[in-house]
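Trainee: Structure in structure tokens, see below.
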Amino acid sequence: MSALGVVGGVVQPVLIVAGSPLLVGLMRQVRARLEGRAGAGAGQPWRDLRKLLRKERIAPRGTSEVFRFAPLVLVATTLVVAVVVPFIATESALDPVADLFAVVALLALGAVALALAGLDTGTAFGGMGASREMTILALVEPTLLVAIFALSVRVGSTNLGAIVSSTLHDPARVISPASLLAAVALIVVIVAETGRIPVDNPSTHLELTMVHEAMVLEYAGPDLALVELASAMRLSVFLGLLANLFAPWGIATEATPLAVLIGVLALVVKVGVLGGLLAAAEVFVAKLRLFRVPELLAGSFLLALLAVAASFFLV
Amino acid sequence: MITRTLTSAQLPGQAASLLEEGFRLALVAGHDDGDRLRAVYLFTAAAPDRRVELHVPLDQDTPEVPSLAGLSFAAGRFEREMHDLFGIVPTGHPLPQRLVRHFHWPRGWYPMLTEAGDPPEFGSVDGPYPFRTVEGPGVYEIPVGPVHAGMIGPGHFRFSVVGETILNLKARLWFVHRGLEKLFHGRTPGEGIELAERVSGDTTVGHTLAYCLAVEDAHRWPVPEDAQRIRAILLELERLYNHITDIGALCNDVAYGVLNAHCQRVRERLLRLNDTVTGHRLLRDAVHPGGATITALPDPRVLAAVGADAAEIVDLALSNTVVADRFTGTAPLGRDQAADLGTLGVVARASGLDVDARHDHPFLSAEFPRTRHSRTDGDVLSRFLVRAEEITTSIAMITSLADMLGGRTTATGPVTSGTGGSGVGIVEGWRGTIVHRVELTGDGRLSRVKIVDPSFFNWPALPVALADTIVPDFPLTNKSFNLSYAGNDL
């Protein structure tokens with residue numbers, strides 16, 4: 001384990017946990033301003049979390065340990081991803097885990113835990129949300145794997161650190177057809193996976209249209225805070241992954257304080273800009289009919305497949 | 001107005017021949033005349049405006065009327081309402097379950113009877129009333145409400161669903177009966193205004209105007225044409241602010257929030273205009289029996305700006321392909337279905353029915369052309385476009401009526417003390433046709449007020465339109481109907 005890996009392993013989770021609610025707040029603020037509203041300010045998600053964390057723990061009657069542990073699993077898996085993925089440093093604290101397949105599996109594990117919790121409540125909404133989430137997840141995960149796989153082909157490794165380092169040394173790869181196709185596929189996947197418009201509407205109050213929110217309807221207090229925090233962290237993790245796979249510049253390659261500082265700043269700026277762009281784009285998009293979502297995701301899978309083909313044949 | 005008094009045996013034959021002649025059943029009301037009960041059936045027809053009342057006196061001990069449910073769908077619901085409130089039994093009714101009564105009301109307690117007394121403590125549950133269960137592989141139920149996440153009235157919806165497709169939907173309403181009709185009893189017509197204004201918060205003018213027309217009809221008071229013009233302006237102002245709100249809400253339900261923000265801006269502008277016109281943002285205190293008084297006529301420049309904004313918003317909404325896709329073909333209500341259920345207003349016109357009390361039962365002598373609707377397929381898009389097109393018509397109407405008034409802001413006819421009697425008021429509120437029927441005692445006090453909001457007719461159309469629609473499209477469909485809980489549950 002290198003010094004740089006240790007620094008990354010300590011700084012990254014702290015940064016992701018502290019910054020994710022701010023990212024969500026920033027995105028809401030961008031949307032509010034574009035809609036001509038004042039907005040609650042970027043700090044509002046943190047204020048909400050503080051409020052929820054002070055409340056008592058409460059669980060619906062008849063729920064089992066699955067319901068109680070799901071938020072912890074969700075936060076824990078996301079934290080591991082936050083530790084190992086090369087966000088601010090190219091080297092990872094747990095190098096074997098910083099693998100394409102391991103990271104995707106960890107993220108899926110969190111989503112599955114939450115879907116099981118939704119089923120565990122026994123309510124119609126929990127089951128409905130879980131069913132919709134699984135439908136979307138089943139289409140999203142293969143695309144996620146294939147898209148990143150397209151980038152790993154030329155590197156010859158599925159280690160994310162290796163992919164990022166190789167892009168850093170050979171920037172021309174970013175504008176290769178394989179890379180661009182994979183980027184588009186990944187963006188669609190991230191929108192679907194994090195429950196943004198046009199796949200899901202994170203700000204709706206209409207239970208019957210919800211996907212992610214329907215699963216977590218029964219959570220309250222600190223458990224809800226964990227779910228909300230984990231959702232925000234997943235959004236940051238996905239955007240950070242997108243940023244560093246296609247524009248890794250600024251990431252620390254040596255363990256000096258200056259390099260790490262630049263790495264942190266670069267990540268904050270990249271994720272902030274991506275979040276702002278995503279929020280701005282959402283203003284101009286409406287939510288798709290649920291049955292049209294698979295069409296969108298199938299399209300992104302095709303792009304990912306083309307990216308893999310391109311990375312083999314168009315070198 | 002033709003009034004006929006019949007025995008209960010004569011009722012079905014008379015009702016059938018009226019329906020055959022193209023009348024629709026507009027209102028059914030029970031009455032407690034002290035020594036006996038009485039059922040009143042109001043039939044109306046358009047072009048020319050015709051109204052026929054059938055009165056059926058009933059024995060107090062065994063009040064029974066033959067059910068008309070086989071002739072008219074709406075009649076079946078009116079009869080269930082009358083049974084719950086007066087204890088008048090519709091014999092031969094195919095579905096004689098409770099409709100209005102809350103299931104905690106004590107058995108045999110009928111709140112509209114004179115001797116019913118104060119509302120009792122909630123007691124034993126009034127029998128099981130199970131939902132129809134739909135069975136089959138993969139069918140499950142989603143219960144929603146009666147308490148909802150949004151700021152809306154209470155209603156319980158039971159979806160039977162396979163996958164995401166709705167097989168059956170049952171809406172159960174009537175959770176907050178306010179006893180509104182009974183509150184009118186013993187008041188003078190002037191004292192009734194404050195109640196009429198609050199029948200349904202968003203339909204102040206519609207209900208107040210129907211009430212005033214009914215009182216004026218009972219007293220045979222002549223109303224000056226200027227007063228009717230002012231009333232028509234207020235009615236259209238109410239239509240404007242509600243239609244623009246609905247257009248924004250429909251966009252919001254497909255997560256196109258930016259247009260909702262703009263609709264809210266336009267709505268606020270209209271509410272402020274209402275404030276300058278009547279001194280009240282929701283147009284209260286302007287219509288009264290015999291006339292109407294406002295503080296200023298609406299500024300045509302504001303209206304023109306609102307019209308331009310609304311047109312741009314509608315254009316932006318439909319030019320977004322995802323929004324257009326969500327609206328098009330969603331939850332269609334066929335023309336025949338709409339006619340069979342007796343739907344009214346926006347919902348009926350979106351399904352291609354030409355029902356509009358402004359033309360069918362006009363209170364203004366000036367005639368305005370009917371709005372021609374570009375799409376009448378009965379889907380969400382049709383209901384969206386009907387609203388959009390009515391905004392244009394309403395603005396044109398207000399502008400031309402304001403020109404006719406030439407600055408006059410008040411007009412009241414002679415208000416004499418009457419000799420009792422009954423009257424009917426019919427108004428096209430923004431949701432649809434509102435009917436009020438009043439009866440007055442000899443000293444001019446109200447002895448019975450019956451209110452029919454178009455939502456009473458339109459609620460049953462919602463589950464019909466939703467058959468084979470997917471669950472996530474329910475909120476959008478519900479919004480496109482936008483029915484009133486308060487107007488339905490008096």
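Every chain in the structure tokens has a letter given in the order shown (A, B, ...), and although residue numbers restart at 1 in each chain, ligands are simply numbered from 1 in the order shown.
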Pick out the residues sitting within 7 Å of range 266-272 of chain B, and hand them over as a count of residues only; count only C-alpha atoms, and ignore anything fewer than 4 positions along from it in its own chain.
Mentor: 8
Trainee: Do you have, as JSON lines, the list of residues of chain A lying at most 7 Å from chain B, each with its nearest atom pair and that distance in Å to one decimal, counting only C-alpha atoms and ordered by chain then number?
Mentor:
```
{"residue": "A:Glu35", "atom": "CA", "partner": "B:Val258", "partner_atom": "CA", "distance": 4.9}
{"residue": "A:Ala124", "atom": "CA", "partner": "B:Ile142", "partner_atom": "CA", "distance": 5.3}
{"residue": "A:Asn201", "atom": "CA", "partner": "B:Ala255", "partner_atom": "CA", "distance": 6.4}
{"residue": "A:His205", "atom": "CA", "partner": "B:Ala149", "partner_atom": "CA", "distance": 5.9}
{"residue": "A:Leu206", "atom": "CA", "partner": "B:Pro475", "partner_atom": "CA", "distance": 6.8}
{"residue": "A:Leu208", "atom": "CA", "partner": "B:Pro472", "partner_atom": "CA", "distance": 5.3}
{"residue": "A:Thr209", "atom": "CA", "partner": "B:Pro472", "partner_atom": "CA", "distance": 4.3}
{"residue": "A:Val283", "atom": "CA", "partner": "B:Val258", "partner_atom": "CA", "distance": 6.3}
{"residue": "A:Val285", "atom": "CA", "partner": "B:Tyr256", "partner_atom": "CA", "distance": 6.5}
{"residue": "A:Ala286", "atom": "CA", "partner": "B:Tyr256", "partner_atom": "CA", "distance": 4.8}
{"residue": "A:Lys287", "atom": "CA", "partner": "B:Val254", "partner_atom": "CA", "distance": 5.2}
{"residue": "A:Leu288", "atom": "CA", "partner": "B:Val322", "partner_atom": "CA", "distance": 6.3}
{"residue": "A:Arg289", "atom": "CA", "partner": "B:Arg326", "partner_atom": "CA", "distance": 6.1}
```
Trainee: What would the file look like if the residues just selected were written as a PDB file, in the first residue's frame with C-alpha atoms?
Mentor:
```
ATOM      1  CA  GLU A  35     -36.991  28.103 -12.971  1.00  0.00           C
ATOM      2  CA  ALA A 124     -47.765  -1.744  -1.954  1.00  0.00           C
ATOM      3  CA  ASN A 201     -38.227  12.618 -10.468  1.00  0.00           C
ATOM      4  CA  HIS A 205     -44.718  14.021  -4.022  1.00  0.00           C
ATOM      5  CA  LEU A 206     -46.804  11.692  -6.206  1.00  0.00           C
ATOM      6  CA  LEU A 208     -47.583   6.371  -7.691  1.00  0.00           C
ATOM      7  CA  THR A 209     -44.956   7.795 -10.043  1.00  0.00           C
ATOM      8  CA  VAL A 283     -34.916  21.792 -16.436  1.00  0.00           C
ATOM      9  CA  VAL A 285     -36.458  17.582 -19.952  1.00  0.00           C
ATOM     10  CA  ALA A 286     -39.715  15.983 -18.845  1.00  0.00           C
ATOM     11  CA  LYS A 287     -40.060  12.568 -17.257  1.00  0.00           C
ATOM     12  CA  LEU A 288     -40.421   9.654 -19.643  1.00  0.00           C
ATOM     13  CA  ARG A 289     -43.394   7.327 -19.497  1.00  0.00           C
TER      14      ARG A 289
END
```
Trainee: Using only C-alpha atoms, which residues sit within 12 Å of range 119-135 of chain B once same-chain residues fewer than 5 positions away are excluded, as a short mmCIF file (atom, residue, chain, number, x, y, z; two decimals) with C-alpha atoms, in the first residue's frame?
Mentor:
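What ended up in selection.cif:
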```cif
data_model
loop_
_atom_site.label_atom_id
_atom_site.label_comp_id
_atom_site.auth_asym_id
_atom_site.auth_seq_id
_atom_site.Cartn_x
_atom_site.Cartn_y
_atom_site.Cartn_z
CA ASP B 84 -77.99 8.23 2.83
CA LEU B 95 -76.08 -1.21 -6.22
CA PRO B 96 -77.81 0.10 -3.10
CA GLN B 97 -74.62 0.59 -1.02
CA ARG B 98 -73.92 3.74 0.90
CA LEU B 99 -72.43 6.60 -1.07
CA ARG B 101 -72.69 8.45 4.48
CA HIS B 102 -69.55 8.00 6.49
CA PHE B 103 -69.38 4.44 7.77
CA HIS B 104 -69.19 5.61 11.38
CA TRP B 105 -72.58 7.32 11.25
CA PRO B 106 -75.07 5.44 13.41
CA ARG B 107 -77.46 3.17 11.59
CA GLY B 108 -80.79 4.75 10.76
CA TRP B 109 -79.52 8.31 11.28
CA TYR B 110 -80.34 10.51 8.30
CA PRO B 111 -78.75 13.95 8.74
CA MET B 112 -80.99 15.95 6.40
CA LEU B 113 -84.24 15.06 8.15
CA TYR B 140 -52.17 -7.11 -6.56
CA GLU B 141 -53.85 -4.13 -4.88
CA ILE B 142 -52.42 -0.69 -4.21
CA PRO B 143 -54.38 1.26 -1.61
CA HIS B 156 -59.31 6.55 -1.02
CA PHE B 157 -58.24 4.93 -4.27
CA ARG B 158 -57.96 1.17 -4.59
CA PHE B 159 -56.03 0.02 -7.62
CA SER B 160 -56.11 -3.58 -8.77
CA VAL B 161 -53.00 -3.90 -10.85
CA VAL B 162 -51.16 -6.52 -12.84
CA ILE B 166 -54.55 -0.85 -13.92
CA LEU B 167 -57.26 -3.51 -14.20
CA ASN B 168 -59.74 -1.87 -11.89
CA LEU B 169 -59.83 1.34 -9.88
CA LYS B 170 -62.32 2.18 -7.20
CA ALA B 171 -62.44 5.69 -5.77
CA ARG B 172 -64.13 6.07 -2.42
CA HIS B 177 -69.24 15.61 4.92
CA ARG B 178 -69.77 19.17 6.11
CA GLY B 179 -73.56 19.30 6.18
CA LYS B 182 -78.40 21.97 5.93
#
```
Trainee: My list of candidates is A:Ile148, A:Val6, A:Ala76, A:Ala18. Which is closest to Ala307 in chain A when distances are computed with only C-alpha atoms?
Mentor: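 Checking each candidate against Ala307 in chain A, we get A:Ile148 as the closest.
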Trainee: Within 9 Å of Thr114 in chain B, counting only C-alpha atoms, which residues show up once you throw out same-chain ones fewer than 5 positions away? Write them as a list in words, please.
Mentor: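 Once the nearby chain positions are removed, what remains is Asp32, Asp33 and Gly34 of chain B.
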Trainee: Would you save the residues from that selection as a short mmCIF file (atom, residue, chain, number, x, y, z; two decimals), in the first residue's frame, using N, CA and C atoms?
Mentor:
```
data_model
loop_
_atom_site.label_atom_id
_atom_site.label_comp_id
_atom_site.auth_asym_id
_atom_site.auth_seq_id
_atom_site.Cartn_x
_atom_site.Cartn_y
_atom_site.Cartn_z
N ASP B 32 -87.71 17.33 3.24
CA ASP B 32 -88.51 16.96 4.40
C ASP B 32 -89.53 18.07 4.61
N ASP B 33 -90.78 17.80 4.25
CA ASP B 33 -91.81 18.83 4.35
C ASP B 33 -92.54 18.78 5.69
N GLY B 34 -91.99 18.11 6.65
CA GLY B 34 -92.63 18.04 7.97
C GLY B 34 -93.53 16.83 8.09
#
```
Trainee: Need to verify the contact set: Ala3 in chain A, 10 Å, only C-alpha atoms, exclusion of same-chain residues closer than 6 positions in sequence. Can you return it as a VMD selection string?
Mentor: chain A and resid 9 91 to 93 254 to 256
Trainee: Could the residues in this selection be written to a file with C-alpha atoms, as an mmCIF file, in the first residue's frame?
Mentor:
```cif
data_model
loop_
_atom_site.group_PDB
_atom_site.id
_atom_site.type_symbol
_atom_site.label_atom_id
_atom_site.label_comp_id
_atom_site.auth_asym_id
_atom_site.auth_seq_id
_atom_site.Cartn_x
_atom_site.Cartn_y
_atom_site.Cartn_z
ATOM 1 C CA GLY A 9 -8.179 6.413 1.085
ATOM 2 C CA GLU A 91 -3.307 4.960 -6.462
ATOM 3 C CA SER A 92 -5.841 3.177 -4.327
ATOM 4 C CA ALA A 93 -5.748 2.236 -0.664
ATOM 5 C CA GLU A 254 2.477 11.759 -6.026
ATOM 6 C CA ALA A 255 1.955 12.080 -2.293
ATOM 7 C CA THR A 256 2.858 15.750 -1.820
#
```
Trainee: Mind checking DSSP for range 255-366 of chain B and telling me the strand (DSSP E) residues as a PyMOL selection string?
Mentor: chain B and resi 287-288+291-293
Trainee: Go ahead and write the selection's residues with N, CA and C atoms as a CSV table (one decimal), in the first residue's frame.
Mentor:
```csv
chain,number,residue,atom,x,y,z
B,287,VAL,N,-70.8,39.0,-6.2
B,287,VAL,CA,-72.1,38.6,-6.7
B,287,VAL,C,-73.0,38.5,-5.6
B,288,HIS,N,-74.2,39.1,-5.7
B,288,HIS,CA,-75.2,39.0,-4.6
B,288,HIS,C,-76.6,38.9,-5.2
B,291,GLY,N,-78.0,41.3,-8.2
B,291,GLY,CA,-77.1,42.1,-8.9
B,291,GLY,C,-75.6,41.7,-8.7
B,292,ALA,N,-74.7,42.6,-9.0
B,292,ALA,CA,-73.3,42.4,-8.8
B,292,ALA,C,-72.6,43.7,-8.7
B,293,THR,N,-71.6,43.7,-7.9
B,293,THR,CA,-70.8,45.0,-7.7
B,293,THR,C,-69.3,44.6,-7.7
```
Trainee: Write out as number ranges by chain which residues come within 12 Å of range 43-53 of chain B when counting only C-alpha atoms, dropping same-chain ones fewer than 3 positions away.
Mentor: B: 1-6, 11, 14-29, 39-40, 56, 72, 74-75, 354-363, 422-426, 433, 435, 437
Trainee: For each of B:Leu446, B:Gly429, B:Val452, B:Ile152, take the minimum atom-to-atom distance to Glu191 in chain B, counting only C-alpha atoms, then give the residue where this is smallest.
Mentor: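 When distances to Glu191 in chain B are compared using only C-alpha atoms, the smallest one comes from B:Leu446.
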Trainee: One decimal, in Å: what's the spacing between CA of Glu181 in chain B and CA of Asn488 in chain B?
Mentor: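 Computing it gives 12.0 Å between the two atoms.
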Trainee: For range 151-161 of chain A, list every protein, DNA or RNA residue within 9 Å, evaluated using only C-alpha atoms, and leave out those in the same chain fewer than 6 positions away; present the list as a JSON list (two decimals) with C-alpha atoms, in the first residue's frame.
Mentor:
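Below is the file result_15.json, written as the result:
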```
[["chain", "number", "residue", "atom", "x", "y", "z"],
["A", 85, "VAL", "CA", -11.97, 4.50, -6.63],
["A", 86, "PRO", "CA", -9.28, 6.90, -7.90],
["A", 89, "ALA", "CA", -5.17, 10.09, -6.33],
["A", 90, "THR", "CA", -4.32, 7.54, -9.02],
["A", 91, "GLU", "CA", -3.31, 4.96, -6.46],
["A", 92, "SER", "CA", -5.84, 3.18, -4.33],
["A", 95, "ASP", "CA", -5.85, -1.72, -5.00],
["A", 96, "PRO", "CA", -7.52, -5.11, -5.70],
["A", 97, "VAL", "CA", -10.94, -3.64, -4.85],
["A", 98, "ALA", "CA", -10.48, -0.68, -7.20],
["A", 99, "ASP", "CA", -11.52, -3.02, -9.95],
["A", 100, "LEU", "CA", -14.24, -2.37, -12.45],
["A", 101, "PHE", "CA", -16.24, -5.44, -11.54],
["A", 167, "THR", "CA", -5.67, 8.26, -19.88],
["A", 178, "ALA", "CA", -14.72, 4.20, -28.20],
["A", 179, "SER", "CA", -14.24, 6.71, -25.44],
["A", 182, "ALA", "CA", -18.74, 4.97, -23.71],
["A", 245, "LEU", "CA", -12.51, 8.25, -16.51],
["A", 307, "ALA", "CA", -17.81, 1.41, -27.67],
["A", 308, "VAL", "CA", -16.38, -2.02, -26.92],
["A", 311, "SER", "CA", -12.07, -0.12, -28.87],
["A", 312, "PHE", "CA", -11.14, -3.46, -30.50],
["A", 315, "VAL", "CA", -7.25, 1.31, -32.52]]
```
Trainee: Quick one: pick out all alpha helix (DSSP H) residues within range 119-335 of chain B from a backbone DSSP run and write them as a ChimeraX atom specification.
Mentor: /B:180-183,189-196,204-219,225-253,257-278,300-319,321-327,335
Trainee: What is the distance between CA of Leu114 in chain A and CA of Gly138 in chain B, in Å to one decimal?
Mentor: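 Distance between the two atoms: 22.6 Å.
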